[in-house]
>>> print(open('query-v9.cif').read())   # mmCIF, C-alpha atoms and all ligand atoms
data_structure
#
loop_
_atom_site.label_atom_id
_atom_site.label_comp_id
_atom_site.auth_asym_id
_atom_site.auth_seq_id
_atom_site.Cartn_x
_atom_site.Cartn_y
_atom_site.Cartn_z
CA MET A 1 -20.13 -9.83 20.11
CA SER A 2 -23.15 -12.06 19.79
CA SER A 3 -23.13 -14.93 17.33
CA GLU A 4 -26.50 -13.75 15.94
CA THR A 5 -24.86 -10.70 14.43
CA LYS A 6 -22.26 -12.72 12.53
CA GLU A 7 -22.93 -13.28 8.85
CA VAL A 8 -22.71 -16.80 7.51
CA VAL A 9 -20.71 -16.43 4.30
CA GLU A 10 -18.87 -18.65 1.87
CA VAL A 11 -15.33 -17.38 1.31
CA PRO A 12 -12.53 -18.77 -0.86
CA ALA A 13 -10.02 -18.89 2.02
CA GLN A 14 -10.11 -21.94 4.27
CA SER A 15 -8.05 -21.01 7.31
CA LEU A 16 -5.23 -18.80 8.53
CA SER A 17 -1.71 -20.20 8.65
CA CYS A 18 1.23 -18.84 10.65
CA ARG A 19 3.96 -17.50 8.38
CA ILE A 20 6.58 -18.60 10.97
CA CYS A 21 5.48 -21.92 12.47
CA ALA A 22 2.71 -22.94 10.00
CA THR A 23 0.15 -23.56 12.76
CA GLU A 24 -3.37 -23.41 11.30
CA HIS A 25 -6.02 -21.16 12.84
CA PRO A 26 -9.69 -20.66 11.94
CA LEU A 27 -10.66 -17.61 9.89
CA ASP A 28 -11.24 -15.50 12.99
CA VAL A 29 -10.52 -11.94 14.02
CA ILE A 30 -7.09 -12.67 15.48
CA GLY A 31 -3.97 -10.74 14.72
CA THR A 32 -1.20 -13.21 15.38
CA CYS A 33 -0.40 -16.88 15.86
CA SER A 34 -1.49 -18.15 19.27
CA LYS A 35 1.69 -20.24 19.48
CA CYS A 36 4.47 -17.91 18.33
CA PHE A 37 2.85 -14.48 17.69
CA GLY A 38 3.83 -14.75 14.01
CA PRO A 39 1.69 -13.14 11.30
CA LEU A 40 -1.17 -15.18 9.87
CA ASP A 41 -1.90 -15.53 6.16
CA PRO A 42 -5.13 -16.88 4.64
CA VAL A 43 -4.85 -20.32 3.06
CA TYR A 44 -6.65 -21.08 -0.21
CA ASP A 45 -7.34 -24.26 -2.12
CA TRP A 46 -5.07 -23.47 -5.07
CA ASP A 47 -5.97 -26.66 -6.96
CA ALA A 48 -9.65 -25.73 -6.88
CA LEU A 49 -8.88 -22.10 -7.78
CA ARG A 50 -6.74 -23.15 -10.76
CA ALA A 51 -9.81 -24.85 -12.17
CA THR A 52 -12.20 -21.94 -11.66
CA VAL A 53 -10.28 -18.65 -11.81
CA THR A 54 -9.81 -17.61 -15.42
CA ARG A 55 -8.97 -14.34 -17.15
CA GLU A 56 -12.50 -14.28 -18.55
CA ARG A 57 -14.12 -14.76 -15.14
CA ILE A 58 -12.06 -11.90 -13.74
CA ALA A 59 -12.84 -9.66 -16.73
CA ALA A 60 -16.57 -10.29 -16.21
CA GLY A 61 -16.34 -9.12 -12.58
CA PRO A 62 -16.89 -5.64 -11.15
CA ALA A 63 -14.57 -2.73 -12.06
CA SER A 64 -12.92 -2.78 -8.63
CA ILE A 65 -10.82 -5.01 -6.36
CA TRP A 66 -13.87 -7.24 -6.02
CA ARG A 67 -13.21 -8.72 -9.49
CA TYR A 68 -10.51 -10.72 -7.63
CA ALA A 69 -12.83 -11.84 -4.82
CA ASP A 70 -11.95 -15.48 -5.58
CA LEU A 71 -8.43 -14.70 -4.36
CA LEU A 72 -9.41 -12.76 -1.23
CA PRO A 73 -10.27 -14.01 2.28
CA VAL A 74 -13.70 -12.34 2.44
CA ALA A 75 -16.82 -12.43 0.32
CA ALA A 76 -17.40 -9.50 -2.03
CA PRO A 77 -19.96 -7.11 -0.53
CA ALA A 78 -23.47 -7.48 -1.90
CA GLU A 79 -23.55 -3.72 -2.40
CA ALA A 80 -20.04 -2.40 -3.02
CA ARG A 81 -20.09 1.20 -1.83
CA LEU A 82 -17.12 3.34 -2.88
CA ALA A 83 -15.29 0.23 -4.07
CA PRO A 84 -11.55 0.82 -4.53
CA GLY A 85 -9.32 -0.60 -7.24
CA LEU A 86 -8.97 -0.93 -10.98
CA THR A 87 -7.11 2.36 -10.85
CA PRO A 88 -5.45 3.63 -14.05
CA LEU A 89 -2.11 2.28 -15.27
CA VAL A 90 -0.68 4.98 -17.51
CA PRO A 91 2.49 5.18 -19.60
CA ALA A 92 5.11 7.75 -18.59
CA PRO A 93 7.45 8.02 -21.60
CA ARG A 94 9.01 11.37 -20.69
CA LEU A 95 9.88 10.25 -17.19
CA ALA A 96 11.17 6.94 -18.62
CA ASP A 97 13.61 8.94 -20.80
CA GLU A 98 14.56 11.11 -17.88
CA ILE A 99 15.51 8.22 -15.60
CA GLY A 100 16.89 5.94 -18.34
CA VAL A 101 14.48 3.01 -18.70
CA ARG A 102 12.83 1.76 -21.88
CA GLU A 103 9.26 1.61 -20.62
CA LEU A 104 7.70 3.10 -17.50
CA TRP A 105 4.12 2.87 -16.28
CA LEU A 106 2.50 4.62 -13.33
CA LYS A 107 -0.14 2.84 -11.27
CA LEU A 108 -2.35 5.65 -10.05
CA ASP A 109 -3.73 4.57 -6.70
CA THR A 110 -4.45 8.23 -6.07
CA ALA A 111 -7.66 7.43 -7.98
CA ASN A 112 -9.03 5.43 -5.05
CA PRO A 113 -11.84 7.01 -2.96
CA THR A 114 -9.50 8.55 -0.34
CA HIS A 115 -6.59 8.96 -2.76
CA SER A 116 -4.30 6.21 -1.51
CA PHE A 117 -3.84 2.45 -1.85
CA LYS A 118 -5.08 2.08 1.73
CA ASP A 119 -8.67 1.96 0.46
CA ARG A 120 -7.86 -1.52 -0.88
CA VAL A 121 -6.68 -2.98 2.40
CA VAL A 122 -9.41 -1.31 4.41
CA ALA A 123 -12.17 -2.55 2.08
CA VAL A 124 -11.08 -6.15 2.73
CA ALA A 125 -10.63 -5.66 6.49
CA ALA A 126 -13.98 -3.87 6.82
CA ARG A 127 -15.72 -6.72 5.05
CA LYS A 128 -14.28 -9.12 7.62
CA ALA A 129 -15.37 -6.80 10.44
CA GLN A 130 -18.91 -6.88 9.03
CA GLU A 131 -18.85 -10.66 8.67
CA ALA A 132 -17.77 -10.86 12.32
CA GLY A 133 -20.45 -8.42 13.48
CA LEU A 134 -18.03 -5.72 14.65
CA GLY A 135 -19.51 -2.22 14.59
CA THR A 136 -16.37 -0.11 15.07
CA LEU A 137 -13.44 0.14 12.67
CA SER A 138 -10.15 1.31 14.12
CA CYS A 139 -6.47 1.61 13.25
CA SER A 140 -3.15 3.17 14.11
CA SER A 141 -2.07 5.27 11.16
CA THR A 142 0.61 7.44 9.61
CA GLY A 143 -2.26 9.34 7.98
CA ASN A 144 -3.58 7.69 4.84
CA LEU A 145 -4.95 4.67 6.65
CA ALA A 146 -6.91 6.89 9.06
CA GLY A 147 -8.65 8.52 6.08
CA ALA A 148 -9.40 5.20 4.44
CA VAL A 149 -10.82 3.73 7.68
CA ALA A 150 -12.90 6.82 8.41
CA ALA A 151 -14.34 6.95 4.88
CA ARG A 152 -15.09 3.23 4.76
CA ALA A 153 -16.88 3.44 8.12
CA ALA A 154 -18.89 6.41 6.84
CA ALA A 155 -19.83 4.55 3.66
CA GLU A 156 -20.87 1.43 5.58
CA GLY A 157 -22.61 3.12 8.51
CA MET A 158 -20.02 1.90 11.00
CA SER A 159 -18.25 3.84 13.76
CA ALA A 160 -14.59 4.75 13.38
CA ALA A 161 -11.87 5.50 15.94
CA VAL A 162 -8.37 6.20 14.70
CA PHE A 163 -5.04 6.70 16.47
CA VAL A 164 -2.54 9.03 14.81
CA PRO A 165 0.63 10.85 15.91
CA ALA A 166 -0.37 14.26 17.31
CA ASP A 167 1.95 16.03 14.85
CA LEU A 168 0.33 14.56 11.72
CA GLU A 169 0.36 16.78 8.61
CA PRO A 170 -2.72 19.07 8.79
CA GLU A 171 -3.84 17.97 5.29
CA LYS A 172 -3.85 14.32 6.35
CA LEU A 173 -5.70 15.15 9.57
CA ALA A 174 -8.43 17.05 7.69
CA ALA A 175 -8.62 14.32 5.03
CA ALA A 176 -9.51 11.83 7.77
CA ALA A 177 -11.46 14.04 10.19
CA VAL A 178 -13.99 15.18 7.60
CA TYR A 179 -15.57 11.70 7.53
CA GLY A 180 -16.51 12.00 11.20
CA PRO A 181 -14.36 9.43 13.02
CA THR A 182 -13.17 9.94 16.57
CA ILE A 183 -9.55 10.94 16.16
CA TYR A 184 -7.16 10.21 19.00
CA ALA A 185 -4.02 12.31 18.59
CA VAL A 186 -1.27 10.43 20.42
CA ASP A 187 1.76 12.17 21.88
CA GLY A 188 4.43 10.12 20.19
CA THR A 189 5.30 8.47 16.90
CA TYR A 190 3.34 6.03 14.79
CA ASP A 191 5.04 3.23 16.71
CA HIS A 192 3.48 4.50 19.97
CA CYS A 193 0.06 4.55 18.26
CA SER A 194 0.66 1.03 17.02
CA ARG A 195 1.63 -0.35 20.42
CA LEU A 196 -1.39 1.35 21.99
CA SER A 197 -3.77 -0.15 19.43
CA VAL A 198 -2.31 -3.64 19.92
CA GLU A 199 -2.94 -3.33 23.68
CA LEU A 200 -6.45 -1.98 23.12
CA SER A 201 -7.27 -4.80 20.72
CA PHE A 202 -7.20 -7.18 23.69
CA GLU A 203 -9.64 -4.96 25.62
CA LEU A 204 -12.14 -3.70 23.05
CA ASP A 205 -14.63 -5.32 20.74
CA TRP A 206 -13.37 -3.26 17.77
CA GLY A 207 -12.03 -4.22 14.38
CA PHE A 208 -8.48 -2.83 14.32
CA VAL A 209 -7.75 -3.13 10.63
CA ASN A 210 -3.98 -3.44 11.03
CA VAL A 211 -4.02 -5.45 14.28
CA ASN A 212 -6.72 -8.09 14.78
CA LEU A 213 -7.87 -7.80 11.13
CA ARG A 214 -4.31 -7.62 9.74
CA SER A 215 -4.42 -11.01 7.96
CA TYR A 216 -7.39 -9.80 5.91
CA TYR A 217 -6.18 -6.21 5.55
CA ALA A 218 -2.76 -7.17 4.16
CA GLU A 219 -4.31 -9.41 1.48
CA GLY A 220 -5.95 -6.34 -0.04
CA SER A 221 -2.53 -5.21 -1.28
CA LYS A 222 -2.27 -8.27 -3.54
CA THR A 223 -4.87 -6.67 -5.80
CA LEU A 224 -2.25 -4.17 -6.96
CA ALA A 225 -0.21 -7.03 -8.44
CA TYR A 226 -3.31 -8.58 -10.01
CA GLU A 227 -4.36 -5.29 -11.61
CA VAL A 228 -0.91 -4.48 -12.99
CA ALA A 229 -0.76 -7.89 -14.71
CA GLU A 230 -4.31 -7.68 -16.03
CA GLN A 231 -3.83 -4.12 -17.30
CA LEU A 232 -0.66 -5.22 -19.11
CA ASP A 233 -2.81 -7.81 -20.93
CA TRP A 234 -1.81 -10.59 -18.58
CA THR A 235 1.92 -10.09 -18.86
CA LEU A 236 4.35 -9.28 -16.08
CA PRO A 237 6.53 -6.17 -15.90
CA ASP A 238 10.26 -6.70 -15.29
CA VAL A 239 10.38 -4.35 -12.31
CA VAL A 240 7.89 -2.84 -9.86
CA ALA A 241 8.91 0.08 -7.61
CA ILE A 242 7.12 0.16 -4.24
CA PRO A 243 7.34 2.30 -1.07
CA ILE A 244 7.90 0.54 2.24
CA ALA A 245 6.61 1.45 5.71
CA SER A 246 5.47 -1.71 7.56
CA GLY A 247 6.56 -3.75 4.50
CA ALA A 248 3.10 -5.32 4.07
CA LEU A 249 2.41 -3.72 0.69
CA TYR A 250 5.80 -4.75 -0.70
CA HIS A 251 5.58 -8.31 0.60
CA LYS A 252 1.99 -8.84 -0.53
CA VAL A 253 2.58 -7.45 -4.03
CA GLY A 254 5.35 -10.03 -4.36
CA GLN A 255 2.95 -12.72 -3.12
CA GLY A 256 0.26 -11.55 -5.56
CA PHE A 257 2.53 -11.94 -8.59
CA GLY A 258 3.53 -15.41 -7.37
CA GLU A 259 -0.14 -16.40 -7.10
CA LEU A 260 -0.87 -15.32 -10.68
CA LEU A 261 2.04 -17.46 -11.89
CA GLY A 262 0.82 -20.40 -9.80
CA LEU A 263 -2.67 -20.05 -11.24
CA GLY A 264 -1.29 -20.02 -14.79
CA LEU A 265 -2.86 -16.60 -15.46
CA VAL A 266 0.55 -15.20 -16.46
CA GLU A 267 3.83 -16.65 -17.63
CA GLY A 268 7.41 -15.79 -16.80
CA THR A 269 9.03 -14.92 -13.50
CA ARG A 270 8.09 -12.60 -10.68
CA PRO A 271 9.08 -8.98 -11.31
CA ARG A 272 12.08 -7.63 -9.43
CA LEU A 273 10.66 -5.54 -6.62
CA VAL A 274 12.49 -2.29 -5.93
CA GLY A 275 11.59 -0.93 -2.50
CA GLY A 276 12.15 2.56 -1.15
CA GLN A 277 12.48 4.13 2.29
CA ALA A 278 13.48 7.66 3.23
CA GLU A 279 16.82 8.20 4.94
CA GLY A 280 15.21 9.35 8.19
CA CYS A 281 13.34 6.04 8.59
CA ASP A 282 15.02 3.23 6.68
CA PRO A 283 15.15 0.18 8.96
CA VAL A 284 14.14 -2.21 6.16
CA ALA A 285 16.59 -0.78 3.62
CA ARG A 286 19.36 -1.00 6.21
CA ALA A 287 18.52 -4.62 7.02
CA PHE A 288 18.59 -5.41 3.29
CA ARG A 289 21.97 -3.69 2.88
CA ASP A 290 23.57 -5.13 5.97
CA GLY A 291 22.18 -8.66 5.62
CA ARG A 292 20.75 -8.80 9.13
CA PRO A 293 17.28 -8.70 10.76
CA VAL A 294 15.43 -5.38 10.93
CA GLN A 295 16.39 -3.22 13.91
CA PRO A 296 13.88 -0.55 14.96
CA VAL A 297 14.74 3.14 14.53
CA ARG A 298 13.18 6.39 15.71
CA PRO A 299 11.68 8.01 12.59
CA GLU A 300 12.66 11.53 11.60
CA THR A 301 11.57 11.94 8.00
CA ILE A 302 9.63 14.18 5.64
CA ALA A 303 7.95 11.04 4.26
CA ARG A 304 5.54 10.81 7.17
CA SER A 305 3.38 8.11 5.61
CA LEU A 306 6.42 5.80 5.64
CA ALA A 307 7.52 6.72 9.18
CA ILE A 308 7.26 3.32 10.84
CA GLY A 309 10.35 2.70 12.95
CA ASN A 310 9.41 -0.87 13.93
CA PRO A 311 7.96 -2.39 10.75
CA ALA A 312 5.86 -5.51 11.32
CA ASP A 313 6.62 -7.05 7.92
CA GLY A 314 10.12 -5.66 7.53
CA ASP A 315 11.97 -8.98 7.54
CA PHE A 316 9.44 -10.46 5.12
CA ALA A 317 10.00 -7.51 2.80
CA VAL A 318 13.74 -8.15 2.88
CA ALA A 319 13.10 -11.82 2.05
CA THR A 320 10.82 -10.79 -0.84
CA ALA A 321 13.52 -8.46 -2.17
CA ARG A 322 16.03 -11.33 -2.20
CA GLU A 323 13.60 -13.85 -3.71
CA THR A 324 12.64 -11.55 -6.58
CA GLY A 325 16.16 -10.31 -7.34
CA GLY A 326 15.05 -6.87 -6.22
CA ALA A 327 16.58 -4.33 -3.87
CA ILE A 328 15.56 -1.89 -1.16
CA HIS A 329 17.07 1.58 -1.35
CA THR A 330 17.47 4.47 1.04
CA VAL A 331 16.49 7.80 -0.49
CA PRO A 332 18.07 11.02 0.91
CA GLU A 333 15.55 13.32 2.57
CA ASP A 334 16.34 16.24 0.26
CA GLU A 335 15.56 14.15 -2.83
CA VAL A 336 11.97 13.34 -1.79
CA GLY A 337 10.45 16.68 -2.80
CA GLU A 338 12.71 16.89 -5.89
CA ASN A 339 11.39 13.54 -7.08
CA MET A 340 7.78 14.58 -6.44
CA ALA A 341 8.40 17.64 -8.63
CA LEU A 342 10.16 15.57 -11.32
CA LEU A 343 7.26 13.13 -11.45
CA ALA A 344 4.69 15.91 -11.64
CA SER A 345 6.51 17.95 -14.28
CA THR A 346 7.16 14.99 -16.60
CA THR A 347 3.86 13.10 -16.22
CA GLY A 348 1.17 15.39 -14.80
CA VAL A 349 0.86 13.16 -11.72
CA PHE A 350 1.25 14.65 -8.22
CA GLY A 351 2.22 11.83 -5.89
CA GLU A 352 2.86 12.27 -2.19
CA THR A 353 6.13 12.00 -0.31
CA ALA A 354 5.93 8.18 -0.42
CA THR A 355 6.00 8.46 -4.21
CA GLY A 356 8.99 10.79 -4.09
CA VAL A 357 10.72 8.02 -2.14
CA THR A 358 9.60 5.35 -4.61
CA LEU A 359 10.91 7.29 -7.59
CA GLY A 360 14.16 7.96 -5.74
CA ALA A 361 14.56 4.24 -5.09
CA LEU A 362 13.92 3.42 -8.74
CA ARG A 363 16.49 5.98 -9.86
CA ALA A 364 19.01 4.54 -7.39
CA ALA A 365 18.30 1.03 -8.67
CA VAL A 366 18.89 2.13 -12.27
CA ALA A 367 22.11 3.91 -11.25
CA ASP A 368 23.33 0.82 -9.36
CA GLY A 369 22.60 -1.48 -12.30
CA ASP A 370 19.91 -3.42 -10.36
CA VAL A 371 17.47 -2.38 -13.09
CA ASP A 372 18.40 -3.02 -16.70
CA PRO A 373 17.68 0.06 -18.87
CA ARG A 374 15.75 -2.22 -21.26
CA SER A 375 13.26 -3.07 -18.51
CA ARG A 376 9.55 -2.55 -18.48
CA VAL A 377 8.94 -0.86 -15.13
CA VAL A 378 5.83 -0.07 -13.08
CA LEU A 379 5.98 2.57 -10.34
CA LEU A 380 3.24 2.47 -7.72
CA VAL A 381 1.86 5.93 -6.96
CA THR A 382 0.32 4.98 -3.62
CA GLY A 383 -0.74 8.38 -2.30
CA ASP A 384 -1.68 11.90 -3.35
CA GLY A 385 0.62 14.93 -3.30
CA LEU A 386 -2.23 17.21 -2.28
CA LYS A 387 -2.00 15.61 1.18
CA THR A 388 1.71 16.54 1.48
CA PRO A 389 2.11 19.87 -0.37
CA GLN A 390 4.77 21.24 1.99
CA ALA A 391 7.30 18.76 0.64
CA VAL A 392 7.43 20.59 -2.70
CA ALA A 393 7.04 24.16 -1.41
CA HIS A 394 10.75 24.83 -2.01
CA THR A 395 10.69 23.56 -5.62
CA PHE A 396 8.84 26.45 -7.26
CA ALA A 397 8.69 30.24 -7.26
CA PRO A 398 5.84 32.16 -8.92
CA VAL A 399 6.90 35.08 -11.13
CA HIS A 400 5.36 38.21 -9.59
CA ILE A 401 4.02 40.65 -12.17
CA ASP A 402 1.78 43.68 -12.50
CA ALA A 403 -1.64 43.23 -14.13
CA ASP A 404 -0.42 45.06 -17.24
CA ALA A 405 -0.44 43.31 -20.66
CA ASP A 406 2.08 45.66 -22.31
CA ALA A 407 4.50 45.39 -19.44
CA PHE A 408 4.08 41.62 -19.54
CA VAL A 409 4.74 41.23 -23.28
CA ASP A 410 7.45 43.86 -23.60
CA GLY A 411 9.03 43.49 -20.19
CA VAL A 412 8.47 40.11 -18.59
CA LEU A 413 8.35 37.86 -21.69
CA ALA A 414 11.04 39.81 -23.54
CA ALA A 415 13.44 39.64 -20.59
C1 LIG B 1 1.00 6.41 0.57
C2 LIG B 1 1.58 5.20 1.22
N1 LIG B 1 2.38 4.40 0.50
C3 LIG B 1 2.94 3.29 1.04
C4 LIG B 1 2.73 2.94 2.37
C5 LIG B 1 3.42 1.72 2.90
O1 LIG B 1 2.59 0.68 3.24
P1 LIG B 1 3.05 -0.54 4.14
O2 LIG B 1 2.89 -0.10 5.57
O3 LIG B 1 2.13 -1.64 3.76
O4 LIG B 1 4.49 -0.83 3.82
C6 LIG B 1 1.90 3.74 3.15
C7 LIG B 1 1.62 3.39 4.57
O5 LIG B 1 1.08 4.13 5.32
C8 LIG B 1 1.31 4.89 2.57
O6 LIG B 1 0.51 5.70 3.27
ZN ZN B 2 3.22 -19.43 14.75
#
>>> encode(input="query-v9.cif", output="structure tokens")
Amino acid sequence: MSSETKEVVEVPAQSLSCRICATEHPLDVIGTCSKCFGPLDPVYDWDALRATVTRERIAAGPASIWRYADLLPVAAPAEARLAPGLTPLVPAPRLADEIGVRELWLKLDTANPTHSFKDRVVAVAARKAQEAGLGTLSCSSTGNLAGAVAARAAAEGMSAAVFVPADLEPEKLAAAAVYGPTIYAVDGTYDHCSRLSVELSFELDWGFVNVNLRSYYAEGSKTLAYEVAEQLDWTLPDVVAIPIASGALYHKVGQGFGELLGLGLVEGTRPRLVGGQAEGCDPVARAFRDGRPVQPVRPETIARSLAIGNPADGDFAVATARETGGAIHTVPEDEVGENMALLASTTGVFGETATGVTLGALRAAVADGDVDPRSRVVLLVTGDGLKTPQAVAHTFAPVHIDADADAFVDGVLAA
């Protein structure tokens, strides 16, 4: 990459700091700490930000994640194409009654351009790729990320190359392929795709959003915490229910709430974070339960978007669960589709398998007493059920009838 193609931009972050050994690194395209291979987080000048970031300044910003650009490690794009974020937060009173909590809200990240929360993380990573003069966006993906990367590249006029397991759901494949990326279907699991993309990141001049751009990518998830607080008129919910694959979303949402408290934009304490994993791939939930570090598993689950057997941020997610008084639950495979159907039939929202897992975890947390029934709860709907329709195929049966009005009224309805 030539230095001429790099943009010179002012960004709020100052450096990257290793989450393990605290070594500082410049704001470069590097995935991990050069000393210990730990993850790197952007560092901000919180004293300066406390003086400048106000509720009013945020409210005056764009209707997207870029209203929080002061708290992100990249500059907002001059022309925000297909900007994600500021997705609806809607009340779900019938589902609240059904599961036994006082107040329940759904955060509809299905409203993002490619129908999942991954548009947030990719928008931030792509911005960094542009600042660094990288022309190709890439990722390893369980499906949603591939779509988000491919669409972002299409919107920005970049190239895209994505690595997915060869047996990806056909709906997820089509929902990525249509944007014109090169799709590499890898014989193996997500974890094979991930290892391959880490190796390739040392060889190729590409922006791998969840490898060498991971520090920027992961920060995009904080915007979910910011939006929930802002949409609740700058108050905090008691509980937030979140699906876990790599653990980055869960960990960064916890970080985001902590930042709002530190900035004085909200009062109180961080919400309890309830995490969910499906039984066939629950390394983080197991580590939480057993009180030991995450041990990789081989995924075998209907919740394909959460099928990461070796989760990069798993131990950090467990730490976040403990710090916030939350919990991480394992949801039985056969409850995933049932929960998708329950959500849809009580709220009108069709979330994907990850959401079936999230609702299952919330119900388990209520049953276990981790969540007080008087709580105000937010459930993150991170992906769209239309990408995983097979998971609910067993939950309905159309009534077959003749096209005959009399027979319908006298026979079918009267029966
Ligand atoms: C719909 C959906 N929800 C949640 C997640 C979990 O995200 P993370 O890997 O940050 O834990 C994913 C990851 O692919 C996803 O696709
Ligand atoms: Zn380190």
>>> residues_around(input="query-v9.cif", residues="Asp370 in chain A", least_positions_apart="5", cutoff="8 Å", atoms="all atoms listed in the file", output="VMD selection string")
chain A and resid 326 to 327 365
>>> residues_near_ligand(input="query-v9.cif", ligand="ligand LIG 1 (chain B)", cutoff="8 Å", atoms="only C-alpha atoms and all ligand atoms", output="ChimeraX atom specification")
/A:116-118,141-145,218,221,242-250,305-308,311,313,352-355,381-384
>>> write_last_selection(input="query-v9.cif", atoms="C-alpha atoms", output="PDB file, in the frame of the given file")
ATOM      1  CA  SER A 116      -4.300   6.210  -1.510  1.00  0.00           C
ATOM      2  CA  PHE A 117      -3.840   2.450  -1.850  1.00  0.00           C
ATOM      3  CA  LYS A 118      -5.080   2.080   1.730  1.00  0.00           C
ATOM      4  CA  SER A 141      -2.070   5.270  11.160  1.00  0.00           C
ATOM      5  CA  THR A 142       0.610   7.440   9.610  1.00  0.00           C
ATOM      6  CA  GLY A 143      -2.260   9.340   7.980  1.00  0.00           C
ATOM      7  CA  ASN A 144      -3.580   7.690   4.840  1.00  0.00           C
ATOM      8  CA  LEU A 145      -4.950   4.670   6.650  1.00  0.00           C
ATOM      9  CA  ALA A 218      -2.760  -7.170   4.160  1.00  0.00           C
ATOM     10  CA  SER A 221      -2.530  -5.210  -1.280  1.00  0.00           C
ATOM     11  CA  ILE A 242       7.120   0.160  -4.240  1.00  0.00           C
ATOM     12  CA  PRO A 243       7.340   2.300  -1.070  1.00  0.00           C
ATOM     13  CA  ILE A 244       7.900   0.540   2.240  1.00  0.00           C
ATOM     14  CA  ALA A 245       6.610   1.450   5.710  1.00  0.00           C
ATOM     15  CA  SER A 246       5.470  -1.710   7.560  1.00  0.00           C
ATOM     16  CA  GLY A 247       6.560  -3.750   4.500  1.00  0.00           C
ATOM     17  CA  ALA A 248       3.100  -5.320   4.070  1.00  0.00           C
ATOM     18  CA  LEU A 249       2.410  -3.720   0.690  1.00  0.00           C
ATOM     19  CA  TYR A 250       5.800  -4.750  -0.700  1.00  0.00           C
ATOM     20  CA  SER A 305       3.380   8.110   5.610  1.00  0.00           C
ATOM     21  CA  LEU A 306       6.420   5.800   5.640  1.00  0.00           C
ATOM     22  CA  ALA A 307       7.520   6.720   9.180  1.00  0.00           C
ATOM     23  CA  ILE A 308       7.260   3.320  10.840  1.00  0.00           C
ATOM     24  CA  PRO A 311       7.960  -2.390  10.750  1.00  0.00           C
ATOM     25  CA  ASP A 313       6.620  -7.050   7.920  1.00  0.00           C
ATOM     26  CA  GLU A 352       2.860  12.270  -2.190  1.00  0.00           C
ATOM     27  CA  THR A 353       6.130  12.000  -0.310  1.00  0.00           C
ATOM     28  CA  ALA A 354       5.930   8.180  -0.420  1.00  0.00           C
ATOM     29  CA  THR A 355       6.000   8.460  -4.210  1.00  0.00           C
ATOM     30  CA  VAL A 381       1.860   5.930  -6.960  1.00  0.00           C
ATOM     31  CA  THR A 382       0.320   4.980  -3.620  1.00  0.00           C
ATOM     32  CA  GLY A 383      -0.740   8.380  -2.300  1.00  0.00           C
ATOM     33  CA  ASP A 384      -1.680  11.900  -3.350  1.00  0.00           C
TER      34      ASP A 384
END
>>> atom_distance(input="query-v9.cif", atom1="CA of Ser375 in chain A", atom2="CA of Asp238 in chain A")
5.7 Å
>>> closest_residue(input="query-v9.cif", among="A:Leu359, A:Leu106, A:Ala151, A:Ala367", to="Val228 in chain A", atoms="all atoms listed in the file")
A:Leu106
>>> closest_residue(input="query-v9.cif", among="A:Arg152, A:His115, A:Lys128, A:Lys107", to="Ala225 in chain A", atoms="only C-alpha atoms")
A:Lys107
>>> residues_near_ligand(input="query-v9.cif", ligand="ligand ZN 2 (chain B)", cutoff="8 Å", atoms="all atoms listed in the file", output="list in words")
Ser17, Cys18, Arg19, Ile20, Cys21, Ala22, Thr23, Thr32, Cys33, Ser34, Lys35, Cys36, Phe37, Gly38, Pro39 and Leu40 of chain A
>>> atom_distance(input="query-v9.cif", atom1="CA of Val90 in chain A", atom2="CA of Leu224 in chain A")
14.1 Å
